[in-house]
>>> print(open('my_file37.cif').read())   # mmCIF, C-alpha atoms
data_upload
#
loop_
_atom_site.label_atom_id
_atom_site.label_comp_id
_atom_site.auth_asym_id
_atom_site.auth_seq_id
_atom_site.Cartn_x
_atom_site.Cartn_y
_atom_site.Cartn_z
CA MET A 180 -6.69 -15.39 -28.88
CA LEU A 181 -7.12 -12.36 -26.65
CA THR A 182 -6.40 -9.03 -28.35
CA VAL A 183 -5.37 -5.86 -26.51
CA ALA A 184 -5.62 -2.45 -28.21
CA LEU A 185 -2.80 -0.10 -27.20
CA PRO A 186 -2.69 3.67 -27.80
CA LYS A 187 0.12 5.29 -29.79
CA GLY A 188 1.75 8.27 -28.12
CA GLU A 189 2.02 9.41 -24.53
CA LEU A 190 0.44 6.39 -22.85
CA LEU A 191 2.22 3.65 -24.80
CA LYS A 192 5.37 3.14 -22.72
CA HIS A 193 3.54 3.00 -19.43
CA SER A 194 0.84 0.72 -20.89
CA ILE A 195 3.42 -1.75 -22.09
CA ARG A 196 5.22 -1.70 -18.74
CA LEU A 197 1.94 -2.40 -16.93
CA LEU A 198 1.05 -5.31 -19.20
CA GLN A 199 4.52 -6.78 -18.68
CA THR A 200 3.82 -7.00 -14.94
CA VAL A 201 0.81 -9.22 -15.72
CA GLY A 202 2.69 -11.44 -18.17
CA LEU A 203 1.97 -9.81 -21.56
CA ASP A 204 5.05 -8.57 -23.38
CA PHE A 205 4.37 -6.09 -26.19
CA SER A 206 7.69 -4.26 -25.84
CA ALA A 207 8.40 -4.90 -29.54
CA PHE A 208 6.07 -1.93 -30.21
CA LEU A 209 8.70 0.29 -28.58
CA ASP A 210 11.50 -0.72 -30.99
CA SER A 211 12.23 2.39 -33.03
CA GLY A 212 12.41 0.25 -36.20
CA ASN A 213 9.01 -1.35 -35.63
CA ARG A 214 6.41 -0.73 -38.34
CA GLN A 215 4.06 -3.54 -37.34
CA LEU A 216 0.67 -2.54 -35.99
CA GLN A 217 -0.23 -6.07 -34.89
CA ILE A 218 2.09 -8.33 -32.90
CA THR A 219 1.76 -11.43 -30.72
CA ASP A 220 3.25 -11.07 -27.22
CA THR A 221 6.51 -12.93 -26.69
CA ASN A 222 4.74 -15.53 -24.50
CA GLY A 223 2.17 -16.26 -27.22
CA ILE A 224 -0.76 -15.47 -24.93
CA ALA A 225 -2.26 -12.43 -26.63
CA LYS A 226 -2.18 -10.17 -29.67
CA GLY A 227 -1.43 -6.46 -29.41
CA LEU A 228 -2.94 -3.88 -31.73
CA LEU A 229 -1.18 -0.50 -31.95
CA VAL A 230 -3.64 2.23 -32.91
CA ARG A 231 -4.38 5.93 -32.42
CA ALA A 232 -5.63 6.71 -28.92
CA GLN A 233 -9.03 7.74 -30.30
CA ASP A 234 -9.34 4.44 -32.16
CA VAL A 235 -8.71 2.21 -29.12
CA PRO A 236 -12.36 2.33 -27.92
CA VAL A 237 -13.57 1.69 -31.49
CA TYR A 238 -11.69 -1.61 -31.75
CA VAL A 239 -12.88 -2.56 -28.25
CA GLU A 240 -16.49 -1.54 -28.90
CA TYR A 241 -16.62 -3.69 -32.05
CA GLY A 242 -14.99 -6.61 -30.22
CA GLN A 243 -11.89 -6.68 -32.44
CA ALA A 244 -9.97 -6.21 -29.20
CA GLN A 245 -11.31 -7.56 -25.92
CA LEU A 246 -9.23 -5.16 -23.85
CA GLY A 247 -7.82 -1.70 -24.42
CA ILE A 248 -5.96 1.09 -22.66
CA VAL A 249 -7.00 4.66 -23.32
CA GLY A 250 -7.20 8.05 -21.62
CA TYR A 251 -10.41 8.99 -19.81
CA ASP A 252 -10.49 12.14 -21.99
CA VAL A 253 -11.18 10.01 -25.08
CA LEU A 254 -13.91 8.02 -23.30
CA ARG A 255 -15.54 11.19 -22.05
CA GLU A 256 -15.48 12.81 -25.51
CA LYS A 257 -16.59 9.81 -27.60
CA LYS A 258 -18.82 7.94 -25.10
CA PRO A 259 -18.12 4.51 -26.65
CA GLN A 260 -20.07 1.41 -25.60
CA VAL A 261 -17.25 -0.20 -23.59
CA ALA A 262 -16.85 -1.40 -20.02
CA GLN A 263 -14.60 0.96 -18.03
CA LEU A 264 -12.83 -1.34 -15.60
CA VAL A 265 -9.72 0.06 -13.92
CA ASP A 266 -8.26 3.51 -13.33
CA LEU A 267 -4.61 2.82 -14.19
CA ARG A 268 -3.40 5.98 -12.41
CA PHE A 269 -0.87 7.02 -15.04
CA GLY A 270 -1.15 9.54 -17.86
CA TYR A 271 -2.50 12.23 -15.56
CA CYS A 272 -3.75 15.38 -17.25
CA ARG A 273 -6.71 17.70 -16.98
CA MET A 274 -9.22 19.19 -19.39
CA SER A 275 -9.05 22.93 -18.90
CA VAL A 276 -10.41 26.21 -20.14
CA ALA A 277 -7.56 28.56 -21.03
CA VAL A 278 -7.43 32.18 -22.18
CA LYS A 279 -4.76 34.73 -23.02
CA GLN A 280 -2.89 35.94 -19.94
CA SER A 281 -3.33 39.44 -21.30
CA SER A 282 -7.14 39.12 -21.42
CA SER A 283 -9.42 40.20 -18.59
CA TYR A 284 -11.07 36.77 -18.30
CA ARG A 285 -10.38 35.04 -14.99
CA SER A 286 -13.37 32.69 -14.97
CA PRO A 287 -15.40 31.03 -17.75
CA LEU A 288 -18.33 33.20 -16.70
CA ASP A 289 -16.29 36.29 -17.65
CA LEU A 290 -16.35 35.13 -21.29
CA PRO A 291 -18.71 37.07 -23.54
CA ALA A 292 -21.97 35.35 -24.43
CA HIS A 293 -21.75 33.95 -27.98
CA GLY A 294 -17.97 34.20 -27.80
CA ARG A 295 -15.87 31.50 -29.44
CA VAL A 296 -14.12 28.56 -27.83
CA ALA A 297 -11.71 26.47 -29.93
CA SER A 298 -11.29 22.80 -29.05
CA LYS A 299 -10.44 19.32 -30.25
CA TYR A 300 -12.92 18.10 -27.63
CA VAL A 301 -16.08 19.66 -29.03
CA ASN A 302 -18.51 17.47 -27.10
CA CYS A 303 -16.82 18.07 -23.74
CA ALA A 304 -16.57 21.79 -24.44
CA ARG A 305 -20.20 22.04 -25.52
CA GLU A 306 -21.49 20.13 -22.48
CA TYR A 307 -19.41 22.22 -20.10
CA PHE A 308 -20.60 25.60 -21.36
CA HIS A 309 -24.13 24.26 -21.55
CA SER A 310 -23.87 23.30 -17.87
CA LEU A 311 -22.86 26.91 -17.13
CA ASP A 312 -25.81 28.11 -19.22
CA LEU A 313 -23.33 30.24 -21.18
CA PRO A 314 -24.01 30.15 -24.93
CA VAL A 315 -20.72 29.97 -26.85
CA GLU A 316 -19.74 28.95 -30.34
CA ILE A 317 -17.44 25.92 -30.36
CA VAL A 318 -14.80 26.08 -33.13
CA PRO A 319 -13.58 22.55 -33.93
CA LEU A 320 -9.81 22.31 -34.47
CA TYR A 321 -7.55 19.29 -34.99
CA GLY A 322 -4.22 20.60 -33.76
CA SER A 323 -2.39 23.58 -32.19
CA VAL A 324 -5.54 24.75 -30.44
CA GLU A 325 -3.51 27.49 -28.72
CA LEU A 326 -3.50 29.36 -32.04
CA GLY A 327 -7.20 30.08 -31.50
CA PRO A 328 -6.73 32.88 -28.94
CA ILE A 329 -3.32 33.89 -30.37
CA THR A 330 -4.78 34.65 -33.81
CA GLY A 331 -7.90 36.16 -32.25
CA MET A 332 -10.17 33.49 -33.72
CA SER A 333 -11.47 32.48 -30.30
CA GLU A 334 -11.65 34.00 -26.82
CA ALA A 335 -10.79 30.72 -25.12
CA ILE A 336 -9.82 27.10 -25.68
CA VAL A 337 -10.78 23.85 -24.02
CA ASP A 338 -7.81 21.51 -24.15
CA LEU A 339 -5.87 18.80 -22.37
CA VAL A 340 -3.13 20.17 -20.11
CA SER A 341 -0.44 18.11 -18.43
CA THR A 342 2.47 20.30 -17.35
CA GLY A 343 1.03 23.56 -18.66
CA ARG A 344 4.23 24.33 -20.54
CA THR A 345 2.58 24.71 -23.97
CA LEU A 346 0.07 27.14 -22.50
CA ARG A 347 2.77 29.24 -20.81
CA GLU A 348 4.95 29.29 -23.92
CA ASN A 349 1.99 30.68 -25.83
CA GLY A 350 1.00 33.31 -23.28
CA LEU A 351 -2.12 31.43 -22.19
CA MET A 352 -3.39 30.57 -18.70
CA GLU A 353 -5.91 28.09 -17.28
CA ILE A 354 -9.01 29.58 -15.70
CA ALA A 355 -11.05 26.42 -15.03
CA THR A 356 -10.77 22.64 -15.02
CA LEU A 357 -13.56 20.53 -16.54
CA TYR A 358 -12.24 17.20 -15.22
CA GLU A 359 -9.08 15.23 -14.58
CA SER A 360 -8.01 12.35 -16.76
CA THR A 361 -5.87 9.22 -16.35
CA ALA A 362 -5.42 6.06 -18.41
CA ARG A 363 -8.18 3.45 -18.12
CA LEU A 364 -8.45 -0.26 -18.80
CA ILE A 365 -11.54 -0.89 -20.93
CA ALA A 366 -13.16 -4.09 -22.17
CA HIS A 367 -15.60 -5.26 -24.81
CA PRO A 368 -18.80 -5.58 -22.74
CA LEU A 369 -19.88 -8.99 -24.06
CA SER A 370 -16.39 -10.53 -23.80
CA TYR A 371 -16.21 -9.19 -20.25
CA ARG A 372 -19.56 -10.70 -19.24
CA MET A 373 -18.79 -14.01 -20.98
CA ASN A 374 -15.27 -14.04 -19.48
CA THR A 375 -13.77 -14.86 -22.91
CA ASP A 376 -10.18 -16.16 -22.73
CA ASN A 377 -10.40 -15.88 -18.94
CA LEU A 378 -10.42 -12.09 -19.09
CA SER A 379 -11.44 -11.71 -15.45
CA ASP A 380 -8.17 -13.20 -14.17
CA LEU A 381 -6.14 -10.82 -16.30
CA ILE A 382 -8.22 -7.86 -15.14
CA ALA A 383 -7.81 -8.93 -11.50
CA ASN A 384 -4.04 -9.09 -12.03
CA VAL A 385 -4.00 -5.58 -13.51
CA ARG A 386 -6.02 -4.31 -10.55
CA GLU A 387 -3.54 -5.88 -8.14
CA ALA A 388 -0.54 -4.50 -10.02
CA ILE A 389 -2.04 -1.01 -9.80
CA LEU A 390 -2.77 -1.33 -6.07
CA ALA A 391 0.72 -2.71 -5.44
CA ALA A 392 2.25 0.28 -7.21
CA VAL A 393 0.57 2.82 -4.91
CA MET B 13 -1.80 42.46 -43.16
CA LEU B 14 -2.81 39.56 -45.37
CA THR B 15 -2.64 36.15 -43.67
CA VAL B 16 -2.22 32.85 -45.53
CA ALA B 17 -3.03 29.53 -43.83
CA LEU B 18 -0.70 26.72 -44.91
CA PRO B 19 -1.21 22.99 -44.31
CA LYS B 20 1.32 20.89 -42.39
CA GLY B 21 2.36 17.69 -44.10
CA GLU B 22 2.31 16.52 -47.71
CA LEU B 23 1.24 19.79 -49.34
CA LEU B 24 3.52 22.17 -47.44
CA LYS B 25 6.65 22.11 -49.60
CA HIS B 26 4.80 22.58 -52.86
CA SER B 27 2.56 25.29 -51.32
CA ILE B 28 5.58 27.28 -50.19
CA ARG B 29 7.26 26.93 -53.59
CA LEU B 30 4.10 28.19 -55.31
CA LEU B 31 3.78 31.21 -53.01
CA GLN B 32 7.45 32.06 -53.64
CA THR B 33 6.70 32.41 -57.35
CA VAL B 34 4.13 35.11 -56.49
CA GLY B 35 6.45 36.96 -54.11
CA LEU B 36 5.56 35.49 -50.70
CA ASP B 37 8.41 33.70 -48.96
CA PHE B 38 7.40 31.37 -46.13
CA SER B 39 10.34 28.99 -46.59
CA ALA B 40 11.25 29.49 -42.90
CA PHE B 41 8.46 26.98 -42.15
CA LEU B 42 10.61 24.33 -43.86
CA ASP B 43 13.59 24.81 -41.52
CA SER B 44 13.80 21.62 -39.50
CA GLY B 45 14.47 23.67 -36.36
CA ASN B 46 11.39 25.85 -36.83
CA ARG B 47 8.82 25.71 -34.02
CA GLN B 48 6.97 28.88 -34.98
CA LEU B 49 3.40 28.50 -36.21
CA GLN B 50 3.12 32.14 -37.30
CA ILE B 51 5.72 33.97 -39.37
CA THR B 52 5.90 37.06 -41.55
CA ASP B 53 7.19 36.48 -45.07
CA THR B 54 10.69 37.75 -45.71
CA ASN B 55 9.35 40.62 -47.85
CA GLY B 56 7.04 41.77 -45.05
CA ILE B 57 3.94 41.52 -47.25
CA ALA B 58 1.98 38.78 -45.52
CA LYS B 59 1.76 36.54 -42.48
CA GLY B 60 1.83 32.75 -42.74
CA LEU B 61 -0.04 30.46 -40.37
CA LEU B 62 1.11 26.82 -40.21
CA VAL B 63 -1.77 24.56 -39.17
CA ARG B 64 -3.15 21.04 -39.64
CA ALA B 65 -4.61 20.52 -43.10
CA GLN B 66 -8.12 20.07 -41.62
CA ASP B 67 -7.78 23.37 -39.75
CA VAL B 68 -6.86 25.48 -42.82
CA PRO B 69 -10.51 26.00 -43.91
CA VAL B 70 -11.48 26.82 -40.30
CA TYR B 71 -9.04 29.75 -40.12
CA VAL B 72 -10.15 30.90 -43.57
CA GLU B 73 -13.86 30.53 -42.81
CA TYR B 74 -13.54 32.66 -39.66
CA GLY B 75 -11.47 35.25 -41.54
CA GLN B 76 -8.33 34.78 -39.42
CA ALA B 77 -6.62 34.00 -42.72
CA GLN B 78 -7.80 35.58 -45.97
CA LEU B 79 -6.23 32.84 -48.09
CA GLY B 80 -5.43 29.19 -47.55
CA ILE B 81 -4.14 26.14 -49.36
CA VAL B 82 -5.77 22.79 -48.66
CA GLY B 83 -6.63 19.50 -50.36
CA TYR B 84 -9.98 19.13 -52.07
CA ASP B 85 -10.57 16.03 -49.87
CA VAL B 86 -10.77 18.24 -46.77
CA LEU B 87 -13.16 20.69 -48.49
CA ARG B 88 -15.36 17.85 -49.66
CA GLU B 89 -15.48 16.24 -46.21
CA LYS B 90 -16.00 19.38 -44.11
CA LYS B 91 -17.92 21.61 -46.54
CA PRO B 92 -16.60 24.87 -45.03
CA GLN B 93 -18.00 28.27 -46.02
CA VAL B 94 -15.01 29.37 -48.10
CA ALA B 95 -14.50 30.50 -51.68
CA GLN B 96 -12.76 27.78 -53.73
CA LEU B 97 -10.68 29.74 -56.22
CA VAL B 98 -7.92 27.83 -57.99
CA ASP B 99 -7.09 24.17 -58.62
CA LEU B 100 -3.36 24.22 -57.86
CA ARG B 101 -2.77 20.91 -59.67
CA PHE B 102 -0.38 19.42 -57.13
CA GLY B 103 -1.00 16.96 -54.29
CA TYR B 104 -2.90 14.57 -56.53
CA CYS B 105 -4.63 11.68 -54.81
CA ARG B 106 -7.95 9.90 -54.98
CA MET B 107 -10.60 8.87 -52.49
CA SER B 108 -11.09 5.16 -52.97
CA VAL B 109 -12.98 2.17 -51.68
CA ALA B 110 -10.56 -0.65 -50.87
CA VAL B 111 -11.03 -4.23 -49.71
CA LYS B 112 -8.82 -7.22 -48.93
CA GLN B 113 -7.30 -8.72 -52.07
CA SER B 114 -8.30 -12.11 -50.69
CA SER B 115 -11.98 -11.12 -50.47
CA SER B 116 -14.50 -11.78 -53.21
CA TYR B 117 -15.53 -8.11 -53.48
CA ARG B 118 -14.65 -6.54 -56.79
CA SER B 119 -17.18 -3.70 -56.77
CA PRO B 120 -18.80 -1.71 -53.92
CA LEU B 121 -22.09 -3.33 -54.89
CA ASP B 122 -20.60 -6.73 -53.97
CA LEU B 123 -20.35 -5.58 -50.34
CA PRO B 124 -22.95 -7.10 -48.03
CA ALA B 125 -25.84 -4.84 -47.02
CA HIS B 126 -25.26 -3.49 -43.49
CA GLY B 127 -21.59 -4.39 -43.79
CA ARG B 128 -19.01 -2.11 -42.22
CA VAL B 129 -16.82 0.49 -43.88
CA ALA B 130 -14.01 2.11 -41.86
CA SER B 131 -12.98 5.65 -42.76
CA LYS B 132 -11.50 8.92 -41.60
CA TYR B 133 -13.81 10.57 -44.15
CA VAL B 134 -17.14 9.59 -42.64
CA ASN B 135 -19.22 12.16 -44.51
CA CYS B 136 -17.74 11.29 -47.92
CA ALA B 137 -18.15 7.57 -47.22
CA ARG B 138 -21.74 7.96 -46.03
CA GLU B 139 -22.73 10.08 -49.04
CA TYR B 140 -21.14 7.67 -51.47
CA PHE B 141 -22.86 4.54 -50.18
CA HIS B 142 -26.09 6.48 -49.88
CA SER B 143 -25.79 7.39 -53.57
CA LEU B 144 -25.43 3.65 -54.33
CA ASP B 145 -28.50 2.98 -52.15
CA LEU B 146 -26.38 0.44 -50.27
CA PRO B 147 -26.93 0.63 -46.50
CA VAL B 148 -23.59 0.24 -44.68
CA GLU B 149 -22.35 1.08 -41.21
CA ILE B 150 -19.55 3.66 -41.26
CA VAL B 151 -16.90 3.04 -38.57
CA PRO B 152 -15.05 6.28 -37.83
CA LEU B 153 -11.29 5.86 -37.38
CA TYR B 154 -8.52 8.45 -36.95
CA GLY B 155 -5.51 6.57 -38.28
CA SER B 156 -4.27 3.33 -39.89
CA VAL B 157 -7.64 2.72 -41.53
CA GLU B 158 -6.17 -0.33 -43.32
CA LEU B 159 -6.39 -2.17 -39.97
CA GLY B 160 -10.19 -2.24 -40.41
CA PRO B 161 -10.27 -5.08 -42.96
CA ILE B 162 -7.06 -6.67 -41.62
CA THR B 163 -8.53 -7.16 -38.15
CA GLY B 164 -11.91 -8.11 -39.62
CA MET B 165 -13.64 -5.09 -38.09
CA SER B 166 -14.83 -3.85 -41.49
CA GLU B 167 -15.39 -5.31 -44.95
CA ALA B 168 -14.00 -2.23 -46.69
CA ILE B 169 -12.40 1.17 -46.16
CA VAL B 170 -12.81 4.56 -47.79
CA ASP B 171 -9.48 6.33 -47.76
CA LEU B 172 -7.15 8.66 -49.61
CA VAL B 173 -4.77 6.85 -51.96
CA SER B 174 -1.80 8.43 -53.72
CA THR B 175 0.67 5.75 -54.86
CA GLY B 176 -1.29 2.80 -53.49
CA ARG B 177 1.78 1.46 -51.72
CA THR B 178 0.20 1.37 -48.24
CA LEU B 179 -2.74 -0.59 -49.62
CA ARG B 180 -0.51 -3.12 -51.39
CA GLU B 181 1.72 -3.57 -48.33
CA ASN B 182 -1.39 -4.41 -46.33
CA GLY B 183 -2.91 -6.82 -48.85
CA LEU B 184 -5.67 -4.43 -49.86
CA MET B 185 -6.88 -3.34 -53.32
CA GLU B 186 -8.96 -0.47 -54.68
CA ILE B 187 -12.32 -1.39 -56.16
CA ALA B 188 -13.78 2.08 -56.79
CA THR B 189 -12.86 5.76 -56.81
CA LEU B 190 -15.20 8.31 -55.20
CA TYR B 191 -13.36 11.37 -56.58
CA GLU B 192 -9.92 12.77 -57.32
CA SER B 193 -8.30 15.43 -55.19
CA THR B 194 -5.66 18.12 -55.65
CA ALA B 195 -4.59 21.16 -53.62
CA ARG B 196 -6.87 24.20 -53.83
CA LEU B 197 -6.47 27.90 -53.14
CA ILE B 198 -9.34 29.06 -50.93
CA ALA B 199 -10.34 32.49 -49.64
CA HIS B 200 -12.44 34.04 -46.93
CA PRO B 201 -15.60 34.93 -48.91
CA LEU B 202 -16.04 38.46 -47.57
CA SER B 203 -12.34 39.38 -47.94
CA TYR B 204 -12.49 38.05 -51.49
CA ARG B 205 -15.55 40.11 -52.39
CA MET B 206 -14.17 43.24 -50.68
CA ASN B 207 -10.75 42.66 -52.28
CA THR B 208 -9.03 43.19 -48.90
CA ASP B 209 -5.27 43.85 -49.19
CA ASN B 210 -5.64 43.61 -52.96
CA LEU B 211 -6.33 39.89 -52.81
CA SER B 212 -7.50 39.70 -56.41
CA ASP B 213 -4.04 40.61 -57.80
CA LEU B 214 -2.40 37.91 -55.73
CA ILE B 215 -5.01 35.37 -56.81
CA ALA B 216 -4.52 36.34 -60.47
CA ASN B 217 -0.76 35.84 -60.04
CA VAL B 218 -1.29 32.38 -58.56
CA ARG B 219 -3.58 31.49 -61.47
CA GLU B 220 -0.92 32.62 -63.95
CA ALA B 221 1.84 30.70 -62.16
CA ILE B 222 -0.26 27.54 -62.33
CA LEU B 223 -1.04 28.00 -66.02
CA ALA B 224 2.64 28.76 -66.77
CA ALA B 225 3.68 25.52 -65.03
CA VAL B 226 1.49 23.30 -67.26
#
>>> encode(input="my_file37.cif", output="structure tokens")
Amino acid sequence: MLTVALPKGELLKHSIRLLQTVGLDFSAFLDSGNRQLQITDTNGIAKGLLVRAQDVPVYVEYGQAQLGIVGYDVLREKKPQVAQLVDLRFGYCRMSVAVKQSSSYRSPLDLPAHGRVASKYVNCAREYFHSLDLPVEIVPLYGSVELGPITGMSEAIVDLVSTGRTLRENGLMEIATLYESTARLIAHPLSYRMNTDNLSDLIANVREAILAAV
Amino acid sequence: MLTVALPKGELLKHSIRLLQTVGLDFSAFLDSGNRQLQITDTNGIAKGLLVRAQDVPVYVEYGQAQLGIVGYDVLREKKPQVAQLVDLRFGYCRMSVAVKQSSSYRSPLDLPAHGRVASKYVNCAREYFHSLDLPVEIVPLYGSVELGPITGMSEAIVDLVSTGRTLRENGLMEIATLYESTARLIAHPLSYRMNTDNLSDLIANVREAILAAV
């Protein structure tokens, strides 16, 4: 049976709504009482796996799920071996460099050489500053990255921004955007090539649903 | 002013209670309405920084906090450059290898060579299997590691176990323990050596409080 890996958090509701339009009903994951991480859709066509956003590409890469939905930010950071099939056009956000409003930095190139940049996205941050030929020290954090500049531990952060509210509330401002991110449909490469469980029809239906929604 | 980094989650309550016994009151962090990540203790002696457990040693290593409380599991996985001062004797748990109860594995050495082991603690897992001279593939996950064996993605997991309830509920069983973990008091090495803000008195008081509690 086909298995679809779904991301906990921000993208879940929209992912489930999209899959409903192509005949897969995983809305049980949205029940507040639900503790199950694996369910079969109400039509008995596919299994759904509810995992952390960062784990979605892992299950798809290892073929435990043939399909998955995950933000482009995760794909860009982890570079998993998965087929990136459809831009689902929801979950918009951007990866940005931000600094204290009260600082004098208005561009990444204003940052001091060998300054510190805190981020959960260490690979993206490292690549970006490397592309600018600006040597910085990347400080890996797991949460509340905005505390980096606030406590004085780092001059800047690289983080995902959607409305910008968290930044504003913490006296920070964006000074550059690395890239924009949306949710993506990904597939296990071999299952995709072999068209396991008639994957290609399902993917075509998702593509159509996305085009119809524009 | 002295800054203490405190871990969100499991260890927070006990950490705050311990610091109260040595005159630092950060109980405001426990107010359900609290959104502040930085507060000054009610006696005005020190600042508290509320961060993810994995980020505590980062703030302490960079000297943004002179003291921190964090589980030994995090120290063992990340190997930060901090001074490990006191075993605080709460937050007991163990890092274990677990497999499906229905499998035939009863020891890590029963696992197939080049089998897969899912873990959030990739460094600990890698070191352990290396020490057994058993080549395995470590699959890095961020959450719900028990799904590894359940979905068939991995033969085993390496994860933190406290009561063992999650394992039992998921049909898994422990077959080996890598090490035991408790909360630790850590310090920024330079601040500790320089005795900044009279750190050594505070540390001595914590040591006494721990001994008195036995």
>>> resolve_selection(input="my_file37.cif", expression="the PyMOL selection byres ((chain A and resi 216-229) around 8)", output="NGL selection string")
:A and (180-187 or 202-205 or 207-208 or 214-215 or 230-231 or 244)
>>> interface_residues(input="my_file37.cif", of="chain A", to="chain B", cutoff="12 Å", atoms="all atoms listed in the file", output="PyMOL selection string")
chain A and resi 182+184+186-187+214-218+226-244+257+259+295+297-299+316-333+345+348-349
>>> residues_near_point(input="my_file37.cif", point="(-12.0, 19.1, -53.3)", cutoff="10 Å", atoms="all atoms listed in the file", output="ChimeraX atom specification")
/B:82-89,91,96,99,191-196
>>> resolve_selection(input="my_file37.cif", expression="the PyMOL selection byres ((chain A and resi 336) around 6)", output="short mmCIF file (atom, residue, chain, number, x, y, z; two decimals) with C-alpha atoms, in the coordinates of the input")
data_model
loop_
_atom_site.label_atom_id
_atom_site.label_comp_id
_atom_site.auth_asym_id
_atom_site.auth_seq_id
_atom_site.Cartn_x
_atom_site.Cartn_y
_atom_site.Cartn_z
CA VAL A 276 -10.41 26.21 -20.14
CA ALA A 277 -7.56 28.56 -21.03
CA VAL A 296 -14.12 28.56 -27.83
CA ALA A 297 -11.71 26.47 -29.93
CA SER A 298 -11.29 22.80 -29.05
CA ALA A 335 -10.79 30.72 -25.12
CA VAL A 337 -10.78 23.85 -24.02
#
>>> resolve_selection(input="my_file37.cif", expression="the PyMOL selection byres ((chain B and resi 94) around 6)", output="list of chain:residue names")
B:Glu73, B:Pro92, B:Gln93, B:Ala95, B:Ala199, B:His200, B:Pro201
>>> closest_residue(input="my_file37.cif", among="B:Gln113, B:Ser27, B:Gln78, B:Thr189", to="Ser212 of chain B", atoms="all atoms listed in the file")
B:Gln78
>>> closest_residue(input="my_file37.cif", among="A:Ser283, A:Pro291, A:Pro314, A:Leu197", to="Asn384 of chain A", atoms="all atoms listed in the file")
A:Leu197
>>> closest_residue(input="my_file37.cif", among="B:Gly176, B:Leu121, B:Gly45, B:Leu24", to="Ser143 of chain B", atoms="all atoms listed in the file")
B:Leu121
>>> closest_residue(input="my_file37.cif", among="B:Tyr104, B:Thr33, B:Arg205, B:Val148", to="Ile222 of chain B", atoms="all atoms listed in the file")
B:Thr33
